[in-house]
file query-v3.pdb (PDB, C-alpha atoms, pLDDT in the B column)
ATOM      1  CA  MET D 617      -5.547  12.884  -2.572  1.00 75.00           C
ATOM      2  CA  ALA D 618      -3.148  15.682  -1.657  1.00 82.00           C
ATOM      3  CA  LYS D 619      -4.417  15.722   1.931  1.00 80.00           C
ATOM      4  CA  VAL D 620      -3.719  11.983   2.249  1.00 81.00           C
ATOM      5  CA  VAL D 621      -0.139  12.463   1.027  1.00 84.00           C
ATOM      6  CA  ILE D 622       0.399  15.347   3.451  1.00 85.00           C
ATOM      7  CA  ASN D 623      -0.969  13.229   6.309  1.00 82.00           C
ATOM      8  CA  ILE D 624       1.334  10.338   5.371  1.00 83.00           C
ATOM      9  CA  LEU D 625       4.308  12.709   5.426  1.00 85.00           C
ATOM     10  CA  ILE D 626       3.228  14.008   8.832  1.00 84.00           C
ATOM     11  CA  VAL D 627       3.024  10.433  10.147  1.00 84.00           C
ATOM     12  CA  LEU D 628       6.535   9.723   8.868  1.00 83.00           C
ATOM     13  CA  LEU D 629       7.839  12.953  10.455  1.00 85.00           C
ATOM     14  CA  VAL D 630       6.190  12.047  13.773  1.00 85.00           C
ATOM     15  CA  LEU D 631       7.820   8.613  13.639  1.00 83.00           C
ATOM     16  CA  ILE D 632      11.204  10.199  12.921  1.00 81.00           C
ATOM     17  CA  LEU D 633      10.685  12.584  15.860  1.00 86.00           C
ATOM     18  CA  PHE D 634       9.855   9.661  18.137  1.00 87.00           C
ATOM     19  CA  SER D 635      12.977   7.877  16.899  1.00 83.00           C
ATOM     20  CA  PHE D 636      15.061  10.859  18.055  1.00 84.00           C
ATOM     21  CA  LEU D 637      13.327  10.648  21.452  1.00 88.00           C
ATOM     22  CA  GLY D 638      14.027   6.916  21.704  1.00 87.00           C
ATOM     23  CA  ALA D 639      10.417   5.719  21.587  1.00 88.00           C
ATOM     24  CA  VAL D 640      10.759   3.920  18.242  1.00 86.00           C
ATOM     25  CA  SER D 641      13.615   2.592  16.129  1.00 82.00           C
ATOM     26  CA  PHE D 642      14.067   1.833  12.456  1.00 75.00           C
ATOM     27  CA  PRO D 643      15.875  -1.528  12.334  1.00 72.00           C
ATOM     28  CA  GLY D 644      15.632  -2.071   8.585  1.00 66.00           C
ATOM     29  CA  LEU D 645      18.173   0.528   7.515  1.00 67.00           C
ATOM     30  CA  PRO D 646      21.308  -0.959   5.914  1.00 67.00           C
ATOM     31  CA  ALA D 647      24.923  -0.314   6.827  1.00 68.00           C
ATOM     32  CA  ILE D 648      26.879   2.605   5.398  1.00 72.00           C
ATOM     33  CA  ASN D 649      29.047   0.426   3.146  1.00 74.00           C
ATOM     34  CA  SER D 650      25.995  -1.089   1.374  1.00 74.00           C
ATOM     35  CA  SER D 651      25.220  -0.399  -2.262  1.00 79.00           C
ATOM     36  CA  LEU D 652      22.818   2.297  -3.430  1.00 77.00           C
ATOM     37  CA  ASP D 653      20.111  -0.110  -4.556  1.00 79.00           C
ATOM     38  CA  THR D 654      20.081  -1.643  -1.062  1.00 77.00           C
ATOM     39  CA  PHE D 655      19.489   1.813   0.423  1.00 76.00           C
ATOM     40  CA  VAL D 656      16.679   2.564  -2.041  1.00 79.00           C
ATOM     41  CA  ARG D 657      14.983  -0.784  -1.448  1.00 79.00           C
ATOM     42  CA  ALA D 658      15.256  -0.489   2.340  1.00 75.00           C
ATOM     43  CA  PHE D 659      13.872   3.052   2.265  1.00 76.00           C
ATOM     44  CA  LEU D 660      10.923   2.059   0.071  1.00 79.00           C
ATOM     45  CA  LEU D 661      10.152  -0.910   2.316  1.00 77.00           C
ATOM     46  CA  LEU D 662      10.330   1.430   5.309  1.00 75.00           C
ATOM     47  CA  LEU D 663       7.723   3.707   3.711  1.00 79.00           C
ATOM     48  CA  ILE D 664       5.149   0.920   3.304  1.00 78.00           C
ATOM     49  CA  PRO D 665       4.087   0.748   6.998  1.00 77.00           C
ATOM     50  CA  GLY D 666       3.924   4.559   7.127  1.00 78.00           C
ATOM     51  CA  ILE D 667       1.736   4.669   4.032  1.00 82.00           C
ATOM     52  CA  ILE D 668      -0.585   1.982   5.381  1.00 82.00           C
ATOM     53  CA  MET D 669      -0.903   3.735   8.726  1.00 81.00           C
ATOM     54  CA  GLY D 670      -1.447   7.051   6.974  1.00 82.00           C
ATOM     55  CA  ILE D 671      -4.306   5.652   4.916  1.00 84.00           C
ATOM     56  CA  MET D 672      -5.881   3.992   7.968  1.00 85.00           C
ATOM     57  CA  GLY D 673      -5.574   7.204   9.962  1.00 84.00           C
ATOM     58  CA  HIS D 674      -7.138   9.171   7.111  1.00 84.00           C
ATOM     59  CA  PHE D 675     -10.193   6.936   7.076  1.00 86.00           C
ATOM     60  CA  LEU D 676     -10.453   7.013  10.879  1.00 86.00           C
ATOM     61  CA  GLY D 677     -10.203  10.812  10.836  1.00 84.00           C
ATOM     62  CA  LYS D 678     -12.914  11.060   8.166  1.00 85.00           C
ATOM     63  CA  GLY D 679     -15.189   8.887  10.289  1.00 86.00           C
ATOM     64  CA  ILE D 680     -14.555  10.925  13.429  1.00 86.00           C
ATOM     65  CA  ARG D 681     -15.238  14.232  11.685  1.00 84.00           C
ATOM     66  CA  GLY D 682     -18.491  12.810  10.274  1.00 86.00           C
ATOM     67  CA  ILE D 683     -19.959  12.042  13.720  1.00 85.00           C
ATOM     68  CA  LYS D 684     -22.375  14.702  14.976  1.00 83.00           C
ATOM     69  CA  ASN D 685     -22.439  13.747  18.670  1.00 86.00           C
ATOM     70  CA  SER D 686     -19.340  15.199  20.362  1.00 84.00           C
ATOM     71  CA  PHE D 687     -19.209  12.520  23.084  1.00 88.00           C
ATOM     72  CA  GLU D 688     -19.128   9.733  20.497  1.00 88.00           C
ATOM     73  CA  ALA D 689     -16.468  11.589  18.511  1.00 85.00           C
ATOM     74  CA  LEU D 690     -14.341  11.996  21.636  1.00 85.00           C
ATOM     75  CA  GLY D 691     -14.591   8.296  22.445  1.00 88.00           C
ATOM     76  CA  LEU D 692     -13.772   7.286  18.879  1.00 87.00           C
ATOM     77  CA  THR D 693     -10.769   9.637  18.912  1.00 87.00           C
ATOM     78  CA  TYR D 694      -9.275   7.896  21.946  1.00 88.00           C
ATOM     79  CA  VAL D 695      -9.968   4.454  20.510  1.00 89.00           C
ATOM     80  CA  SER D 696      -8.469   5.447  17.144  1.00 88.00           C
ATOM     81  CA  ALA D 697      -5.345   6.864  18.794  1.00 88.00           C
ATOM     82  CA  PHE D 698      -4.866   3.641  20.707  1.00 90.00           C
ATOM     83  CA  LEU D 699      -5.542   1.630  17.533  1.00 88.00           C
ATOM     84  CA  LEU D 700      -2.808   3.396  15.526  1.00 87.00           C
ATOM     85  CA  GLY D 701      -0.297   2.893  18.326  1.00 88.00           C
ATOM     86  CA  ALA D 702      -1.383  -0.723  18.716  1.00 89.00           C
ATOM     87  CA  ILE D 703      -0.731  -1.401  15.032  1.00 87.00           C
ATOM     88  CA  LEU D 704       2.863  -0.249  15.480  1.00 86.00           C
ATOM     89  CA  ALA D 705       3.160  -2.331  18.642  1.00 88.00           C
ATOM     90  CA  LEU D 706       1.829  -5.393  16.840  1.00 89.00           C
ATOM     91  CA  LEU D 707       4.343  -4.935  14.039  1.00 85.00           C
ATOM     92  CA  SER D 708       7.073  -4.705  16.689  1.00 86.00           C
ATOM     93  CA  LEU D 709       5.939  -7.812  18.532  1.00 88.00           C
ATOM     94  CA  LEU D 710       5.677  -9.821  15.319  1.00 88.00           C
ATOM     95  CA  ASN D 711       9.172  -8.535  14.417  1.00 84.00           C
ATOM     96  CA  PHE D 712       8.556  -7.417  10.852  1.00 79.00           C
ATOM     97  CA  ALA D 713      11.921  -6.656   9.316  1.00 73.00           C
ATOM     98  CA  TYR D 714      11.314  -3.221   7.798  1.00 73.00           C
ATOM     99  CA  SER D 715       8.743  -1.948  10.258  1.00 79.00           C
ATOM    100  CA  VAL D 716       9.186   0.613  12.998  1.00 82.00           C
ATOM    101  CA  HIS D 717       9.889  -1.064  16.334  1.00 85.00           C
ATOM    102  CA  VAL D 718       8.371   0.450  19.471  1.00 89.00           C
ATOM    103  CA  ASN D 719      10.467   0.738  22.633  1.00 89.00           C
ATOM    104  CA  PHE D 720       7.868  -0.381  25.180  1.00 90.00           C
ATOM    105  CA  ASN D 721      10.006   0.688  28.156  1.00 89.00           C
ATOM    106  CA  TRP D 722      10.425   4.228  26.837  1.00 90.00           C
ATOM    107  CA  ILE D 723       8.483   5.834  29.695  1.00 90.00           C
ATOM    108  CA  GLY D 724       9.309   3.322  32.404  1.00 87.00           C
ATOM    109  CA  THR D 725       8.860  -0.229  33.571  1.00 88.00           C
ATOM    110  CA  THR D 726       5.547   0.071  35.413  1.00 88.00           C
ATOM    111  CA  TRP D 727       2.522  -1.968  34.350  1.00 86.00           C
ATOM    112  CA  TYR D 728       0.863   0.962  32.576  1.00 90.00           C
ATOM    113  CA  ALA D 729       3.946   2.393  30.850  1.00 90.00           C
ATOM    114  CA  GLN D 730       3.653   0.168  27.774  1.00 90.00           C
ATOM    115  CA  VAL D 731      -0.007   1.018  27.222  1.00 90.00           C
ATOM    116  CA  PHE D 732       0.723   4.712  27.771  1.00 91.00           C
ATOM    117  CA  THR D 733       3.593   4.574  25.257  1.00 91.00           C
ATOM    118  CA  ILE D 734       1.302   3.019  22.652  1.00 91.00           C
ATOM    119  CA  PHE D 735      -1.320   5.699  23.328  1.00 91.00           C
ATOM    120  CA  ILE D 736       1.139   8.626  23.121  1.00 92.00           C
ATOM    121  CA  ILE D 737       2.521   7.451  19.773  1.00 90.00           C
ATOM    122  CA  GLY D 738      -0.970   6.852  18.373  1.00 89.00           C
ATOM    123  CA  ALA D 739      -2.379  10.135  19.700  1.00 89.00           C
ATOM    124  CA  SER D 740       0.356  12.187  18.114  1.00 87.00           C
ATOM    125  CA  MET D 741      -0.267  10.496  14.763  1.00 85.00           C
ATOM    126  CA  MET D 742      -4.049  10.899  15.106  1.00 84.00           C
ATOM    127  CA  LEU D 743      -3.512  14.630  15.623  1.00 81.00           C
ATOM    128  CA  ALA D 744      -2.437  14.904  11.982  1.00 78.00           C
ATOM    129  CA  PHE D 745      -5.741  13.468  10.790  1.00 78.00           C
ATOM    130  CA  LEU D 746      -8.052  15.487  13.003  1.00 77.00           C
ATOM    131  CA  VAL D 747      -6.584  18.974  12.609  1.00 67.00           C
TER     132      VAL D 747
END
call {"tool": "encode", "arguments": {"input": "query-v3.pdb", "output": "structure tokens"}}
result
Amino acid sequence: MAKVVINILIVLLVLILFSFLGAVSFPGLPAINSSLDTFVRAFLLLLIPGIIMGIMGHFLGKGIRGIKNSFEALGLTYVSAFLLGAILALLSLLNFAYSVHVNFNWIGTTWYAQVFTIFIIGASMMLAFLV
């Protein structure tokens, strides 16, 4: 249980790091003149996607570490990294209010930049579950 909590915190720190780099944004945070209960509620609702992604990444990491064939584990690692990034992208496209929104043009405007952005975000989060 402690490892899951540590992995969830790592996912949240990675998302905060990507927000400083401009790859993701947190649109659900209230204004400065809002009341304290609004801040607490917005922060708790912001943690829910991070917790869900942390739990999914934990189970994906457990499955990858349980595979004996290294080629299959390598393939599942790439698919899992893309899957975690794709979940964030789906939440952005569906415009969930308190979810992290991905900046798809973070790397550039070429045809592969959006897919590469999704993969980079997912791979950095998957690193927390495999190490």
call {"tool": "residues_around", "arguments": {"input": "query-v3.pdb", "residues": "range 715-722 of chain D", "least_positions_apart": "5", "cutoff": "10 Å", "atoms": "only C-alpha atoms", "output": "short mmCIF file (atom, residue, chain, number, x, y, z; two decimals) with C-alpha atoms, in the coordinates of the input"}}
result
data_model
loop_
_atom_site.label_atom_id
_atom_site.label_comp_id
_atom_site.auth_asym_id
_atom_site.auth_seq_id
_atom_site.Cartn_x
_atom_site.Cartn_y
_atom_site.Cartn_z
CA LEU D 631 7.82 8.61 13.64
CA ILE D 632 11.20 10.20 12.92
CA PHE D 634 9.86 9.66 18.14
CA SER D 635 12.98 7.88 16.90
CA LEU D 637 13.33 10.65 21.45
CA GLY D 638 14.03 6.92 21.70
CA ALA D 639 10.42 5.72 21.59
CA VAL D 640 10.76 3.92 18.24
CA SER D 641 13.62 2.59 16.13
CA PHE D 642 14.07 1.83 12.46
CA PRO D 643 15.88 -1.53 12.33
CA GLY D 644 15.63 -2.07 8.59
CA LEU D 661 10.15 -0.91 2.32
CA LEU D 662 10.33 1.43 5.31
CA LEU D 663 7.72 3.71 3.71
CA ILE D 664 5.15 0.92 3.30
CA PRO D 665 4.09 0.75 7.00
CA GLY D 666 3.92 4.56 7.13
CA GLY D 701 -0.30 2.89 18.33
CA ALA D 702 -1.38 -0.72 18.72
CA LEU D 704 2.86 -0.25 15.48
CA ALA D 705 3.16 -2.33 18.64
CA LEU D 706 1.83 -5.39 16.84
CA LEU D 707 4.34 -4.93 14.04
CA SER D 708 7.07 -4.70 16.69
CA LEU D 709 5.94 -7.81 18.53
CA LEU D 710 5.68 -9.82 15.32
CA ALA D 729 3.95 2.39 30.85
CA GLN D 730 3.65 0.17 27.77
CA VAL D 731 -0.01 1.02 27.22
CA PHE D 732 0.72 4.71 27.77
CA THR D 733 3.59 4.57 25.26
CA ILE D 734 1.30 3.02 22.65
CA ILE D 737 2.52 7.45 19.77
#
call {"tool": "resolve_selection", "arguments": {"input": "query-v3.pdb", "expression": "the PyMOL selection byres ((chain D and resi 679) around 12)", "output": "count of residues only"}}
result
20
call {"tool": "atom_distance", "arguments": {"input": "query-v3.pdb", "atom1": "CA of Ala658 in chain D", "atom2": "CA of Ile626 in chain D"}}
result
19.9 Å
call {"tool": "axis_aligned_box", "arguments": {"input": "query-v3.pdb", "around": "range 710-722 of chain D", "padding_each_side": "4 Å", "output": "JSON"}}
result
{"center_x": 8.8, "center_y": -2.8, "center_z": 18.0, "size_x": 14.2, "size_y": 22.0, "size_z": 28.4}
call {"tool": "atom_distance", "arguments": {"input": "query-v3.pdb", "atom1": "CA of Ala739 in chain D", "atom2": "CA of Asn685 in chain D"}}
result
20.4 Å
call {"tool": "closest_residue", "arguments": {"input": "query-v3.pdb", "among": "D:Ser651, D:Val656, D:Ile624, D:Ala697", "to": "Ile736 in chain D", "atoms": "all atoms listed in the file"}}
result
D:Ala697
call {"tool": "closest_residue", "arguments": {"input": "query-v3.pdb", "among": "D:Gly670, D:Gly691, D:Gly724, D:Leu660", "to": "Ile703 in chain D", "atoms": "only C-alpha atoms"}}
result
D:Gly670
